[in-house]
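Q: Quick one, coords_33.cif (mmCIF, C-alpha atoms and all ligand atoms):
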```
data_target
loop_
_atom_site.group_PDB
_atom_site.id
_atom_site.type_symbol
_atom_site.label_atom_id
_atom_site.label_comp_id
_atom_site.auth_asym_id
_atom_site.auth_seq_id
_atom_site.Cartn_x
_atom_site.Cartn_y
_atom_site.Cartn_z
ATOM 1 C CA MET A 152 77.631 191.728 140.092
ATOM 2 C CA GLN A 153 79.410 191.259 143.404
ATOM 3 C CA ALA A 154 76.345 189.678 144.933
ATOM 4 C CA MET A 155 76.380 187.076 142.182
ATOM 5 C CA SER A 156 79.634 185.576 143.363
ATOM 6 C CA THR A 157 78.252 184.947 146.849
ATOM 7 C CA LEU A 158 75.384 182.835 145.501
ATOM 8 C CA PRO A 159 75.971 179.146 146.088
ATOM 9 C CA VAL A 160 76.873 177.239 142.951
ATOM 10 C CA PRO A 161 73.897 175.110 141.904
ATOM 11 C CA ALA A 162 74.321 171.358 142.050
ATOM 12 C CA ILE A 163 72.739 171.117 138.611
ATOM 13 C CA ARG A 164 72.280 173.823 136.041
ATOM 14 C CA VAL A 165 70.588 172.979 132.784
ATOM 15 C CA ALA A 166 70.351 175.675 130.136
ATOM 16 C CA HIS A 167 68.409 175.578 126.855
ATOM 17 C CA ALA A 168 68.213 171.806 126.818
ATOM 18 C CA SER A 169 66.799 170.624 123.512
ATOM 19 C CA LYS A 170 66.958 167.198 121.995
ATOM 20 C CA SER A 171 65.460 165.663 118.865
ATOM 21 C CA PHE A 172 65.732 162.005 118.094
ATOM 22 C CA ASN A 173 63.919 162.478 114.804
ATOM 23 C CA ARG A 174 62.473 165.319 112.751
ATOM 24 C CA ARG A 175 58.911 164.977 113.926
ATOM 25 C CA ALA A 176 59.074 165.845 117.593
ATOM 26 C CA LYS A 177 61.417 167.236 120.183
ATOM 27 C CA ALA A 178 62.056 165.061 123.203
ATOM 28 C CA LEU A 179 63.267 168.211 124.980
ATOM 29 C CA ASP A 180 62.486 171.718 123.916
ATOM 30 C CA GLY A 181 64.445 174.530 125.540
ATOM 31 C CA VAL A 182 64.393 173.345 129.139
ATOM 32 C CA SER A 183 66.299 175.479 131.634
ATOM 33 C CA ALA A 184 66.453 174.881 135.377
ATOM 34 C CA SER A 185 68.784 175.296 138.285
ATOM 35 C CA ILE A 186 68.790 172.921 141.228
ATOM 36 C CA ARG A 187 70.479 173.763 144.512
ATOM 37 C CA ALA A 188 72.590 171.295 146.449
ATOM 38 C CA GLY A 189 70.387 169.348 148.830
ATOM 39 C CA GLU A 190 67.140 169.984 146.997
ATOM 40 C CA CYS A 191 64.635 167.203 146.473
ATOM 41 C CA VAL A 192 63.047 167.750 143.085
ATOM 42 C CA GLY A 193 60.275 165.741 141.505
ATOM 43 C CA LEU A 194 60.344 165.618 137.731
ATOM 44 C CA LEU A 195 56.777 165.120 136.669
ATOM 45 C CA GLY A 196 55.304 164.398 133.278
ATOM 46 C CA ALA A 197 53.185 161.955 131.342
ATOM 47 C CA SER A 198 54.871 159.132 129.522
ATOM 48 C CA GLY A 199 56.920 160.485 126.607
ATOM 49 C CA SER A 200 57.225 164.005 128.013
ATOM 50 C CA GLY A 201 61.032 163.922 128.148
ATOM 51 C CA LYS A 202 61.806 162.980 131.759
ATOM 52 C CA SER A 203 64.285 160.220 130.950
ATOM 53 C CA THR A 204 65.946 162.276 128.239
ATOM 54 C CA LEU A 205 66.472 165.132 130.685
ATOM 55 C CA LEU A 206 67.903 162.877 133.395
ATOM 56 C CA ARG A 207 70.148 161.113 130.895
ATOM 57 C CA SER A 208 71.396 164.484 129.651
ATOM 58 C CA ILE A 209 72.200 165.553 133.207
ATOM 59 C CA CYS A 210 74.517 162.595 133.670
ATOM 60 C CA GLY A 211 76.017 162.827 130.207
ATOM 61 C CA LEU A 212 74.405 159.721 128.733
ATOM 62 C CA GLU A 213 72.649 161.915 126.176
ATOM 63 C CA ARG A 214 74.113 164.808 124.244
ATOM 64 C CA LEU A 215 71.895 167.833 123.842
ATOM 65 C CA ASP A 216 71.283 169.692 120.581
ATOM 66 C CA GLY A 217 72.035 173.297 119.875
ATOM 67 C CA LYS A 218 74.899 175.660 120.476
ATOM 68 C CA SER A 219 73.394 177.245 123.586
ATOM 69 C CA SER A 220 72.561 174.019 125.413
ATOM 70 C CA SER A 221 74.555 173.156 128.484
ATOM 71 C CA VAL A 222 74.616 171.134 131.670
ATOM 72 C CA GLU A 223 76.783 172.077 134.635
ATOM 73 C CA LEU A 224 77.303 170.093 137.818
ATOM 74 C CA PHE A 225 78.539 172.116 140.792
ATOM 75 C CA GLY A 226 79.712 174.794 138.407
ATOM 76 C CA GLN A 227 81.649 172.462 136.147
ATOM 77 C CA THR A 228 80.545 172.028 132.569
ATOM 78 C CA LEU A 229 79.439 168.478 131.815
ATOM 79 C CA GLN A 230 78.300 169.280 128.297
ATOM 80 C CA SER A 231 77.979 172.391 126.244
ATOM 81 C CA GLY A 232 76.674 172.894 122.709
ATOM 82 C CA GLY A 233 76.332 169.129 122.330
ATOM 83 C CA VAL A 234 79.947 168.442 123.265
ATOM 84 C CA LEU A 235 80.762 166.402 126.340
ATOM 85 C CA SER A 236 83.464 167.711 128.650
ATOM 86 C CA PRO A 237 86.843 165.978 128.483
ATOM 87 C CA GLU A 238 86.387 165.564 132.239
ATOM 88 C CA ILE A 239 83.226 163.570 131.683
ATOM 89 C CA ARG A 240 84.392 160.497 133.588
ATOM 90 C CA ALA A 241 85.252 162.453 136.700
ATOM 91 C CA LEU A 242 82.034 164.450 136.476
ATOM 92 C CA ARG A 243 79.885 161.363 136.063
ATOM 93 C CA ARG A 244 81.099 160.021 139.369
ATOM 94 C CA GLN A 245 79.185 162.798 141.049
ATOM 95 C CA THR A 246 75.888 161.493 139.783
ATOM 96 C CA GLY A 247 74.361 158.172 140.615
ATOM 97 C CA ILE A 248 71.463 157.059 138.477
ATOM 98 C CA ILE A 249 68.737 154.627 139.352
ATOM 99 C CA PHE A 250 66.439 153.241 136.706
ATOM 100 C CA GLN A 251 62.936 151.887 136.681
ATOM 101 C CA GLN A 252 64.286 148.539 135.561
ATOM 102 C CA PHE A 253 66.545 147.439 138.331
ATOM 103 C CA ASN A 254 69.969 147.608 136.772
ATOM 104 C CA LEU A 255 71.826 145.009 138.734
ATOM 105 C CA VAL A 256 73.745 142.097 137.333
ATOM 106 C CA GLY A 257 71.522 139.223 138.391
ATOM 107 C CA ARG A 258 74.119 136.501 138.479
ATOM 108 C CA MET A 259 76.459 138.486 140.723
ATOM 109 C CA ASN A 260 75.916 138.748 144.432
ATOM 110 C CA VAL A 261 74.567 141.928 145.936
ATOM 111 C CA LEU A 262 77.900 142.996 147.422
ATOM 112 C CA SER A 263 79.667 142.678 144.060
ATOM 113 C CA ASN A 264 76.944 144.743 142.422
ATOM 114 C CA VAL A 265 77.444 147.470 145.003
ATOM 115 C CA LEU A 266 81.215 147.312 144.528
ATOM 116 C CA THR A 267 80.810 148.101 140.829
ATOM 117 C CA GLY A 268 80.086 151.627 142.083
ATOM 118 C CA LEU A 269 83.844 151.892 142.583
ATOM 119 C CA LEU A 270 84.802 150.860 139.055
ATOM 120 C CA PRO A 271 84.800 154.364 137.567
ATOM 121 C CA HIS A 272 87.331 155.356 140.249
ATOM 122 C CA MET A 273 89.742 152.616 139.319
ATOM 123 C CA PRO A 274 92.500 152.203 136.822
ATOM 124 C CA LEU A 275 91.396 149.859 134.050
ATOM 125 C CA TRP A 276 93.635 146.969 135.079
ATOM 126 C CA ARG A 277 92.095 146.883 138.527
ATOM 127 C CA ALA A 278 88.571 147.162 137.171
ATOM 128 C CA LEU A 279 89.290 144.222 134.865
ATOM 129 C CA THR A 280 90.639 141.982 137.566
ATOM 130 C CA GLY A 281 87.635 142.939 139.664
ATOM 131 C CA ARG A 282 89.459 142.535 142.955
ATOM 132 C CA PHE A 283 88.488 144.773 145.762
ATOM 133 C CA SER A 284 90.398 145.388 148.971
ATOM 134 C CA ALA A 285 89.061 144.428 152.364
ATOM 135 C CA GLN A 286 88.552 148.125 153.040
ATOM 136 C CA GLU A 287 86.460 148.527 149.904
ATOM 137 C CA GLN A 288 84.388 145.486 150.752
ATOM 138 C CA LEU A 289 83.779 146.874 154.198
ATOM 139 C CA GLN A 290 82.627 150.174 152.732
ATOM 140 C CA ALA A 291 80.272 148.306 150.407
ATOM 141 C CA LEU A 292 78.850 146.407 153.366
ATOM 142 C CA GLN A 293 78.332 149.675 155.202
ATOM 143 C CA ALA A 294 76.502 151.084 152.186
ATOM 144 C CA LEU A 295 74.294 147.985 152.166
ATOM 145 C CA GLU A 296 73.716 148.348 155.875
ATOM 146 C CA SER A 297 72.573 151.925 155.386
ATOM 147 C CA VAL A 298 69.876 150.787 152.964
ATOM 148 C CA GLY A 299 68.867 147.896 155.222
ATOM 149 C CA LEU A 300 70.306 145.120 153.066
ATOM 150 C CA ALA A 301 73.379 143.944 154.986
ATOM 151 C CA ASP A 302 71.874 140.478 155.388
ATOM 152 C CA TYR A 303 71.573 140.057 151.636
ATOM 153 C CA ALA A 304 75.184 140.883 150.726
ATOM 154 C CA PHE A 305 76.105 137.398 149.562
ATOM 155 C CA GLN A 306 72.861 136.530 147.838
ATOM 156 C CA ARG A 307 72.586 136.655 144.072
ATOM 157 C CA ALA A 308 71.004 139.930 142.992
ATOM 158 C CA SER A 309 68.415 138.040 140.934
ATOM 159 C CA THR A 310 66.942 136.607 144.117
ATOM 160 C CA LEU A 311 66.036 140.026 145.531
ATOM 161 C CA SER A 312 62.612 141.607 145.237
ATOM 162 C CA GLY A 313 62.201 144.726 143.101
ATOM 163 C CA GLY A 314 62.275 147.032 146.106
ATOM 164 C CA GLN A 315 65.401 145.391 147.454
ATOM 165 C CA GLN A 316 67.089 145.720 144.058
ATOM 166 C CA GLN A 317 66.322 149.430 144.025
ATOM 167 C CA ARG A 318 67.796 149.781 147.492
ATOM 168 C CA ALA A 319 70.918 147.923 146.335
ATOM 169 C CA ALA A 320 71.161 150.355 143.409
ATOM 170 C CA VAL A 321 71.023 153.200 145.936
ATOM 171 C CA ALA A 322 73.834 151.551 147.932
ATOM 172 C CA ARG A 323 75.908 151.378 144.750
ATOM 173 C CA ALA A 324 75.421 155.100 144.179
ATOM 174 C CA LEU A 325 76.420 155.781 147.785
ATOM 175 C CA LEU A 326 79.617 153.774 147.446
ATOM 176 C CA GLN A 327 80.372 155.589 144.220
ATOM 177 C CA GLY A 328 80.408 158.786 146.273
ATOM 178 C CA ALA A 329 77.638 160.401 144.263
ATOM 179 C CA ARG A 330 76.562 163.823 145.474
ATOM 180 C CA ILE A 331 73.602 163.870 143.128
ATOM 181 C CA LEU A 332 71.134 161.057 142.782
ATOM 182 C CA LEU A 333 69.039 160.896 139.637
ATOM 183 C CA ALA A 334 66.232 158.404 139.877
ATOM 184 C CA ASP A 335 64.266 157.654 136.733
ATOM 185 C CA GLU A 336 60.837 156.400 137.755
ATOM 186 C CA PRO A 337 62.458 154.277 140.442
ATOM 187 C CA VAL A 338 59.142 153.113 141.854
ATOM 188 C CA SER A 339 57.017 152.632 138.747
ATOM 189 C CA SER A 340 57.490 148.868 138.709
ATOM 190 C CA LEU A 341 56.870 148.430 142.410
ATOM 191 C CA ASP A 342 53.746 147.797 144.421
ATOM 192 C CA PRO A 343 52.551 150.825 146.431
ATOM 193 C CA GLU A 344 53.942 149.713 149.787
ATOM 194 C CA THR A 345 57.380 148.877 148.364
ATOM 195 C CA ALA A 346 57.321 152.081 146.341
ATOM 196 C CA ARG A 347 56.773 154.050 149.504
ATOM 197 C CA ARG A 348 59.685 152.358 151.211
ATOM 198 C CA VAL A 349 62.056 153.130 148.349
ATOM 199 C CA MET A 350 60.875 156.744 148.273
ATOM 200 C CA ASP A 351 61.323 156.943 152.063
ATOM 201 C CA LEU A 352 64.911 155.810 151.633
ATOM 202 C CA LEU A 353 65.633 158.376 148.918
ATOM 203 C CA HIS A 354 64.021 161.079 151.023
ATOM 204 C CA HIS A 355 66.026 160.015 154.063
ATOM 205 C CA LEU A 356 69.309 160.293 152.129
ATOM 206 C CA ASN A 357 68.260 163.706 150.945
ATOM 207 C CA ARG A 358 67.456 164.888 154.461
ATOM 208 C CA THR A 359 70.292 163.289 156.407
ATOM 209 C CA GLN A 360 73.161 163.421 153.918
ATOM 210 C CA GLY A 361 72.172 166.414 151.878
ATOM 211 C CA MET A 362 72.068 164.268 148.767
ATOM 212 C CA THR A 363 70.675 166.286 145.880
ATOM 213 C CA LEU A 364 67.814 164.269 144.528
ATOM 214 C CA VAL A 365 66.008 164.499 141.204
ATOM 215 C CA VAL A 366 63.388 161.839 140.871
ATOM 216 C CA SER A 367 61.130 161.433 137.895
ATOM 217 C CA LEU A 368 57.647 160.266 138.655
ATOM 218 C CA HIS A 369 54.488 160.109 136.690
ATOM 219 C CA ASN A 370 52.368 160.219 139.772
ATOM 220 C CA VAL A 371 51.664 163.629 141.198
ATOM 221 C CA ALA A 372 50.680 162.306 144.645
ATOM 222 C CA MET A 373 54.146 160.834 145.075
ATOM 223 C CA ALA A 374 55.793 164.055 143.921
ATOM 224 C CA ARG A 375 53.665 166.142 146.290
ATOM 225 C CA ARG A 376 54.382 163.882 149.198
ATOM 226 C CA TYR A 377 58.150 163.660 148.881
ATOM 227 C CA CYS A 378 59.454 166.630 146.955
ATOM 228 C CA ASP A 379 60.201 170.241 147.885
ATOM 229 C CA ARG A 380 59.834 171.315 144.338
ATOM 230 C CA ILE A 381 58.216 169.988 141.197
ATOM 231 C CA ILE A 382 59.431 170.511 137.680
ATOM 232 C CA ALA A 383 56.841 169.406 135.178
ATOM 233 C CA LEU A 384 57.401 168.601 131.525
ATOM 234 C CA ARG A 385 54.880 168.382 128.733
ATOM 235 C CA ALA A 386 55.977 167.308 125.266
ATOM 236 C CA GLY A 387 59.569 168.225 126.085
ATOM 237 C CA GLU A 388 58.771 171.676 127.428
ATOM 238 C CA LEU A 389 59.056 172.850 130.993
ATOM 239 C CA VAL A 390 55.516 173.880 131.893
ATOM 240 C CA PHE A 391 55.795 174.250 135.660
ATOM 241 C CA ASP A 392 58.563 174.833 138.166
ATOM 242 C CA GLY A 393 57.454 175.524 141.704
ATOM 243 C CA SER A 394 56.292 174.188 145.022
ATOM 244 C CA PRO A 395 54.046 171.112 145.207
ATOM 245 C CA MET A 396 51.402 173.327 146.850
ATOM 246 C CA GLU A 397 51.089 175.443 143.743
ATOM 247 C CA LEU A 398 50.494 172.441 141.562
ATOM 248 C CA ASP A 399 46.959 171.612 142.581
ATOM 249 C CA ASP A 400 44.624 169.446 140.543
ATOM 250 C CA SER A 401 43.085 172.318 138.600
ATOM 251 C CA ARG A 402 46.510 173.628 137.650
ATOM 252 C CA LEU A 403 47.435 170.110 136.651
ATOM 253 C CA ARG A 404 44.349 169.798 134.458
ATOM 254 C CA HIS A 405 45.101 173.128 132.892
ATOM 255 C CA LEU A 406 48.613 171.958 132.031
ATOM 256 C CA TYR A 407 47.907 168.419 130.971
ATOM 257 C CA GLY A 408 44.326 168.261 129.768
ATOM 258 C CA ALA A 409 43.464 164.716 128.828
ATOM 259 C CA SER A 410 46.778 163.362 130.112
ATOM 260 C CA THR A 411 45.961 164.484 133.658
ATOM 261 C CA GLU A 412 44.452 161.144 134.646
ATOM 262 C CA GLU A 413 47.767 159.403 134.077
ATOM 263 C CA LEU A 414 49.381 161.752 136.594
ATOM 264 C CA LEU A 415 46.605 161.480 139.142
ATOM 265 C CA MET A 416 46.431 157.737 139.026
ATOM 266 C CA ASP A 417 47.026 156.470 142.526
ATOM 267 C CA HIS A 418 49.013 153.505 141.512
ATOM 268 C CA ASN A 419 50.572 152.511 138.277
ATOM 269 C CA PRO A 420 48.849 149.334 137.088
ATOM 270 C CA LEU A 421 52.078 148.167 135.455
ATOM 271 C CA GLU A 422 52.557 144.673 136.719
ATOM 272 C CA THR A 423 56.001 143.955 138.058
ATOM 273 C CA PRO A 424 57.911 142.363 135.220
ATOM 274 C CA PRO A 425 59.267 138.882 135.805
ATOM 275 C CA GLN A 426 62.599 139.141 137.595
ATOM 276 C CA SER A 427 64.651 137.595 134.828
ATOM 277 C CA HIS A 428 63.406 140.233 132.402
ATOM 278 C CA ALA A 429 64.004 143.000 134.885
ATOM 279 C CA LEU A 430 67.692 142.280 135.095
ATOM 280 C CA HIS A 431 69.920 143.888 132.565
ATOM 281 C CA ALA A 432 73.653 143.736 132.504
ATOM 282 C CA MET A 433 74.857 147.073 133.753
ATOM 283 C CA PRO A 434 76.977 149.040 131.326
ATOM 284 C CA LEU A 435 80.408 149.184 132.916
ATOM 285 C CA ALA A 436 82.313 152.390 133.365
ATOM 286 C CA ALA A 437 80.019 154.604 131.348
HETATM 287 N N1 LIG A 501 66.627 156.793 121.983
HETATM 288 C C1 LIG A 501 65.540 157.332 121.452
HETATM 289 N N2 LIG A 501 65.281 157.266 120.130
HETATM 290 C C2 LIG A 501 64.192 157.816 119.598
HETATM 291 N N3 LIG A 501 63.257 158.475 120.288
HETATM 292 C C3 LIG A 501 63.446 158.583 121.616
HETATM 293 C C4 LIG A 501 64.588 158.014 122.266
HETATM 294 N N4 LIG A 501 64.487 158.287 123.584
HETATM 295 C C5 LIG A 501 63.356 158.981 123.765
HETATM 296 N N5 LIG A 501 62.721 159.167 122.577
HETATM 297 C C6 LIG A 501 61.471 159.918 122.378
HETATM 298 O O1 LIG A 501 61.590 161.147 123.046
HETATM 299 C C7 LIG A 501 60.389 161.490 123.708
HETATM 300 C C8 LIG A 501 60.656 161.659 125.199
HETATM 301 O O2 LIG A 501 60.991 160.392 125.731
HETATM 302 P P1 LIG A 501 61.414 160.146 127.230
HETATM 303 O O3 LIG A 501 62.473 161.111 127.586
HETATM 304 O O4 LIG A 501 61.740 158.702 127.345
HETATM 305 O O5 LIG A 501 60.085 160.505 128.014
HETATM 306 P P2 LIG A 501 59.581 160.018 129.444
HETATM 307 O O6 LIG A 501 60.765 159.511 130.198
HETATM 308 O O7 LIG A 501 58.953 161.223 130.056
HETATM 309 O O8 LIG A 501 58.575 158.947 129.199
HETATM 310 C C9 LIG A 501 59.407 160.394 123.382
HETATM 311 O O9 LIG A 501 58.650 160.811 122.289
HETATM 312 C C10 LIG A 501 60.284 159.228 123.020
HETATM 313 O O10 LIG A 501 59.634 158.388 122.110
HETATM 314 MG MG MG A 502 61.096 157.671 131.056
#
```
Once more with this new file: its structure as structure tokens, please.
A:
Amino acid sequence: MQAMSTLPVPAIRVAHASKSFNRRAKALDGVSASIRAGECVGLLGASGSGKSTLLRSICGLERLDGKSSSVELFGQTLQSGGVLSPEIRALRRQTGIIFQQFNLVGRMNVLSNVLTGLLPHMPLWRALTGRFSAQEQLQALQALESVGLADYAFQRASTLSGGQQQRAAVARALLQGARILLADEPVSSLDPETARRVMDLLHHLNRTQGMTLVVSLHNVAMARRYCDRIIALRAGELVFDGSPMELDDSRLRHLYGASTEELLMDHNPLETPPQSHALHAMPLAA
């Protein structure tokens, strides 16, 4: 037992994660996994396999079913037995989440969007007045600089390309001080070249800043290229957890049968949605 205490605390520990939205099928079915700080994990699965539900559960946007379910971040319980921790607000600050649909507020400029990363840290009155100190604005500019967007700080977010919006979302997570970045199909709406650049940025943050990264993808080539480890879901169940090397095409076919083609597809034919549709108001202070 002594040896146990010397093991590093995992950045993310998910135990017995199950979730049903209706009686017919389980979105998640008994998923358990432990992710070390600084790991770069690809969450792979065909559409509907439970990737988003798992990521949303990890940041407390979804409550799991069942008494034995739990999510811990750096050893602190985020949810357990379907009950969110009273410390949920503080815990959520540790995780930044990036969505497929670029969640920026289109009518606000890029800098202001990045600054919203600070809102969960603020007392309500300050969040409501929306005034940020010079120091905070400088930090936001530095975050934008680090994702290569300093020149766009004062442009409306709606004028940015999809790839640029994803990079701005990354800057927001950086300013928030997130130690874990959850990215839910962040490149599915992007053309291949832009997708690669966004993945390069995520990978760079993982390598240089030790950011723990969990990125859901439905393209196995992308997961193999960027991730140290792949966790694969099928119909809510964890069916593979190992190195990208081990998940070769025949293994993939064995796991996914007819759905394999979706995962092997080189590029998602999803056309980029029109910008105005891609912009959703971001839920404040989740
Ligand atoms: N809010 C919801 N209400 C009802 N069903 C949902 C909801 N969210 C997800 N589901 C269902 O749960 C399953 C897993 O969905 P999801 O986690 O979005 O998968 P993925 O992200 O891998 O495409 C799907 O069958 C989906 O229809
Ligand atoms: Mg999804």
Q: Report as CSV the residues of chain A within 12 Å of ligand MG 502 (chain A), each with its shortest atom pair and distance in Å (one decimal), using all atoms listed in the file, ordered by chain and increasing residue number.
A:
```
residue,atom,partner,partner_atom,distance
A:Ala178,CA,A:MG502,MG,10.8
A:Leu194,CA,A:MG502,MG,10.4
A:Leu195,CA,A:MG502,MG,10.3
A:Gly196,CA,A:MG502,MG,9.2
A:Ala197,CA,A:MG502,MG,9.0
A:Ser198,CA,A:MG502,MG,6.6
A:Gly199,CA,A:MG502,MG,6.7
A:Ser200,CA,A:MG502,MG,8.0
A:Gly201,CA,A:MG502,MG,6.9
A:Lys202,CA,A:MG502,MG,5.4
A:Ser203,CA,A:MG502,MG,4.1
A:Thr204,CA,A:MG502,MG,7.3
A:Leu205,CA,A:MG502,MG,9.2
A:Leu206,CA,A:MG502,MG,8.9
A:Arg207,CA,A:MG502,MG,9.7
A:Ile249,CA,A:MG502,MG,11.7
A:Phe250,CA,A:MG502,MG,8.9
A:Gln251,CA,A:MG502,MG,8.3
A:Gln252,CA,A:MG502,MG,10.7
A:Ala334,CA,A:MG502,MG,10.2
A:Asp335,CA,A:MG502,MG,6.5
A:Glu336,CA,A:MG502,MG,6.8
A:Pro337,CA,A:MG502,MG,10.1
A:Val338,CA,A:MG502,MG,11.9
A:Ser339,CA,A:MG502,MG,10.1
A:Val366,CA,A:MG502,MG,10.9
A:Ser367,CA,A:MG502,MG,7.8
A:Leu368,CA,A:MG502,MG,8.7
A:His369,CA,A:MG502,MG,9.0
A:Leu384,CA,A:MG502,MG,11.5
A:Gly387,CA,A:MG502,MG,11.8
```
Q: Would you be able to write out as a ChimeraX atom specification which residues have an atom within 9 Å of (74.9, 170.3, 139.1) in the file's coordinates, counting all atoms listed in the file?
A: /A:160-165,185-188,209,222-229,245-246,331,363
Q: As JSON, please: the centre and edge lengths in Å, to one decimal, of an axis-aligned box enclosing every listed atom of ligand LIG 501 (chain A) with 5 Å added on each side.
A:
```
{"center_x": 62.6, "center_y": 159.2, "center_z": 124.9, "size_x": 18.1, "size_y": 14.9, "size_z": 20.6}
```
Q: Within 8 Å of range 284-295 of chain A, counting only C-alpha atoms, which residues show up once you throw out same-chain ones fewer than 3 positions away? Write them as a list in words, please.
A: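 Selected residues are Leu262, Val265, Leu266, Val298, Gly299, Leu300, Ala301, Ala304, Ala319, Ala322, Arg323, Leu325 and Leu326 of chain A.
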Q: Give the answer as one residue: which of A:Thr280, A:Ser401, A:Thr310, A:Ser219 has the shortest atom-to-atom distance to Gly232 in chain A, using all atoms listed in the file?
A: A:Ser219
Q: Need to verify the contact set: Arg214 in chain A, 8 Å, only C-alpha atoms, exclusion of same-chain residues closer than 2 positions in sequence. Can you return it as a list in words?
A: Lys170, Ser208, Gly211, Leu212, Asp216, Gln230, Gly233, Val234 and Leu235 of chain A
Q: If you measure from CA of Ala386 in chain A to CA of Val192 in chain A, what distance in Å do you get, rounded to one decimal?
A: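 These atoms are spaced 19.2 Å apart.
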Q: Pick from A:Val349, A:Ala329, A:Ala374, A:Val390: nearest to Gly314 in chain A, with only C-alpha atoms counted?
A: A:Val349
Q: Skip Ala166 in chain A itself and residues of its chain fewer than 2 positions away, then list as a count of residues only all residues within 7 Å of it, counting all atoms listed in the file.
A: 8
Q: For a quick check of understanding, using all atoms listed in the file, which of A:Arg380, A:Arg402, A:Arg174, A:Arg244 has the smallest distance to ligand LIG 501 (chain A)?
A: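 Looking at the shortest contact to ligand LIG 501 (chain A), the residue is A:Arg174.
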Q: Excluding Gly189 in chain A and its own-chain neighbours fewer than 3 positions away, which residues fall within 7 Å of it when counting all atoms listed in the file? Please give them as an MDAnalysis selection string.
A: chainID A and resid 357 361:363
Q: Which residue, A:Val261, A:Met350, A:Ala241, A:Leu311, has the smallest gap to Gly193 in chain A when you use only C-alpha atoms?
A: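 Comparing A:Val261, A:Met350, A:Ala241, A:Leu311 against Gly193 in chain A, the winner is A:Met350.
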Q: Under the PyMOL selection byres (((chain A and resi 308) around 8) and not hetatm), which residues of this model are included? Write them out as a PyMOL selection string.
A: chain A and resi 255-261+264+306-307+309-311+316
Q: Between CA of Ala176 in chain A and CA of Gly393 in chain A, what is the distance, to one decimal in Å?
A: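 Answer for the CA of Ala176 in chain A to CA of Gly393 in chain A separation: 26.0 Å.
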Q: Have a look at atom O7 of ligand LIG 501 (chain A) and CA of Leu353 in chain A and let me know their distance in Å, one decimal.
A: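 Spanning atom O7 of ligand LIG 501 (chain A) to CA of Leu353 in chain A is a straight-line distance of 20.2 Å.
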Q: From the list A:Leu269, A:Ala372, A:Ile248, A:Ala383, which residue is nearest ligand LIG 501 (chain A) when using only C-alpha atoms and all ligand atoms?
A: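 The answer is A:Ala383, which sits nearest to ligand LIG 501 (chain A).
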Q: Determine the residue membership of the PyMOL selection byres (((chain A and resi 345) around 12) and not hetatm) for the file above and supply it as a PyMOL selection string.
A: chain A and resi 312-318+337-344+346-352+418+423
Q: For the file shown, report as a PyMOL selection string the outcome of the PyMOL selection byres (((chain A and resi 240) around 9) and not hetatm) at residue level.
A: chain A and resi 236-239+241-244+271-272+436-437
Q: Hey, which of A:Ser231, A:Ser171, A:Thr267, A:Thr157 ends up closest to ligand LIG 501 (chain A)? Count all atoms listed in the file.
A: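 Of A:Ser231, A:Ser171, A:Thr267, A:Thr157, the one nearest ligand LIG 501 (chain A), counting all atoms listed in the file, is A:Ser171.
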Q: Rebuild range 355-365 of chain A so that it carries N, CA and C atoms, then output the result as a PDB file, in the frame of the given file.
A:
```pdb
ATOM      1  N   HIS A 355      65.153 160.062 152.889  1.00  0.00           N
ATOM      2  CA  HIS A 355      66.026 160.015 154.063  1.00  0.00           C
ATOM      3  C   HIS A 355      67.459 160.432 153.679  1.00  0.00           C
ATOM      4  N   LEU A 356      67.947 159.929 152.576  1.00  0.00           N
ATOM      5  CA  LEU A 356      69.309 160.293 152.129  1.00  0.00           C
ATOM      6  C   LEU A 356      69.394 161.775 151.815  1.00  0.00           C
ATOM      7  N   ASN A 357      68.316 162.280 151.241  1.00  0.00           N
ATOM      8  CA  ASN A 357      68.260 163.706 150.945  1.00  0.00           C
ATOM      9  C   ASN A 357      68.333 164.515 152.244  1.00  0.00           C
ATOM     10  N   ARG A 358      67.540 164.115 153.221  1.00  0.00           N
ATOM     11  CA  ARG A 358      67.456 164.888 154.461  1.00  0.00           C
ATOM     12  C   ARG A 358      68.681 164.730 155.343  1.00  0.00           C
ATOM     13  N   THR A 359      69.208 163.516 155.453  1.00  0.00           N
ATOM     14  CA  THR A 359      70.292 163.289 156.407  1.00  0.00           C
ATOM     15  C   THR A 359      71.680 163.521 155.809  1.00  0.00           C
ATOM     16  N   GLN A 360      71.828 163.291 154.511  1.00  0.00           N
ATOM     17  CA  GLN A 360      73.161 163.421 153.918  1.00  0.00           C
ATOM     18  C   GLN A 360      73.242 164.575 152.939  1.00  0.00           C
ATOM     19  N   GLY A 361      72.155 165.283 152.800  1.00  0.00           N
ATOM     20  CA  GLY A 361      72.172 166.414 151.878  1.00  0.00           C
ATOM     21  C   GLY A 361      72.327 165.999 150.426  1.00  0.00           C
ATOM     22  N   MET A 362      71.995 164.749 150.150  1.00  0.00           N
ATOM     23  CA  MET A 362      72.068 164.268 148.767  1.00  0.00           C
ATOM     24  C   MET A 362      71.074 165.050 147.903  1.00  0.00           C
ATOM     25  N   THR A 363      71.568 165.609 146.823  1.00  0.00           N
ATOM     26  CA  THR A 363      70.675 166.286 145.880  1.00  0.00           C
ATOM     27  C   THR A 363      69.927 165.208 145.107  1.00  0.00           C
ATOM     28  N   LEU A 364      68.616 165.337 145.087  1.00  0.00           N
ATOM     29  CA  LEU A 364      67.814 164.269 144.528  1.00  0.00           C
ATOM     30  C   LEU A 364      66.900 164.808 143.420  1.00  0.00           C
ATOM     31  N   VAL A 365      66.976 164.187 142.259  1.00  0.00           N
ATOM     32  CA  VAL A 365      66.008 164.499 141.204  1.00  0.00           C
ATOM     33  C   VAL A 365      65.348 163.188 140.837  1.00  0.00           C
TER      34      VAL A 365
END
```
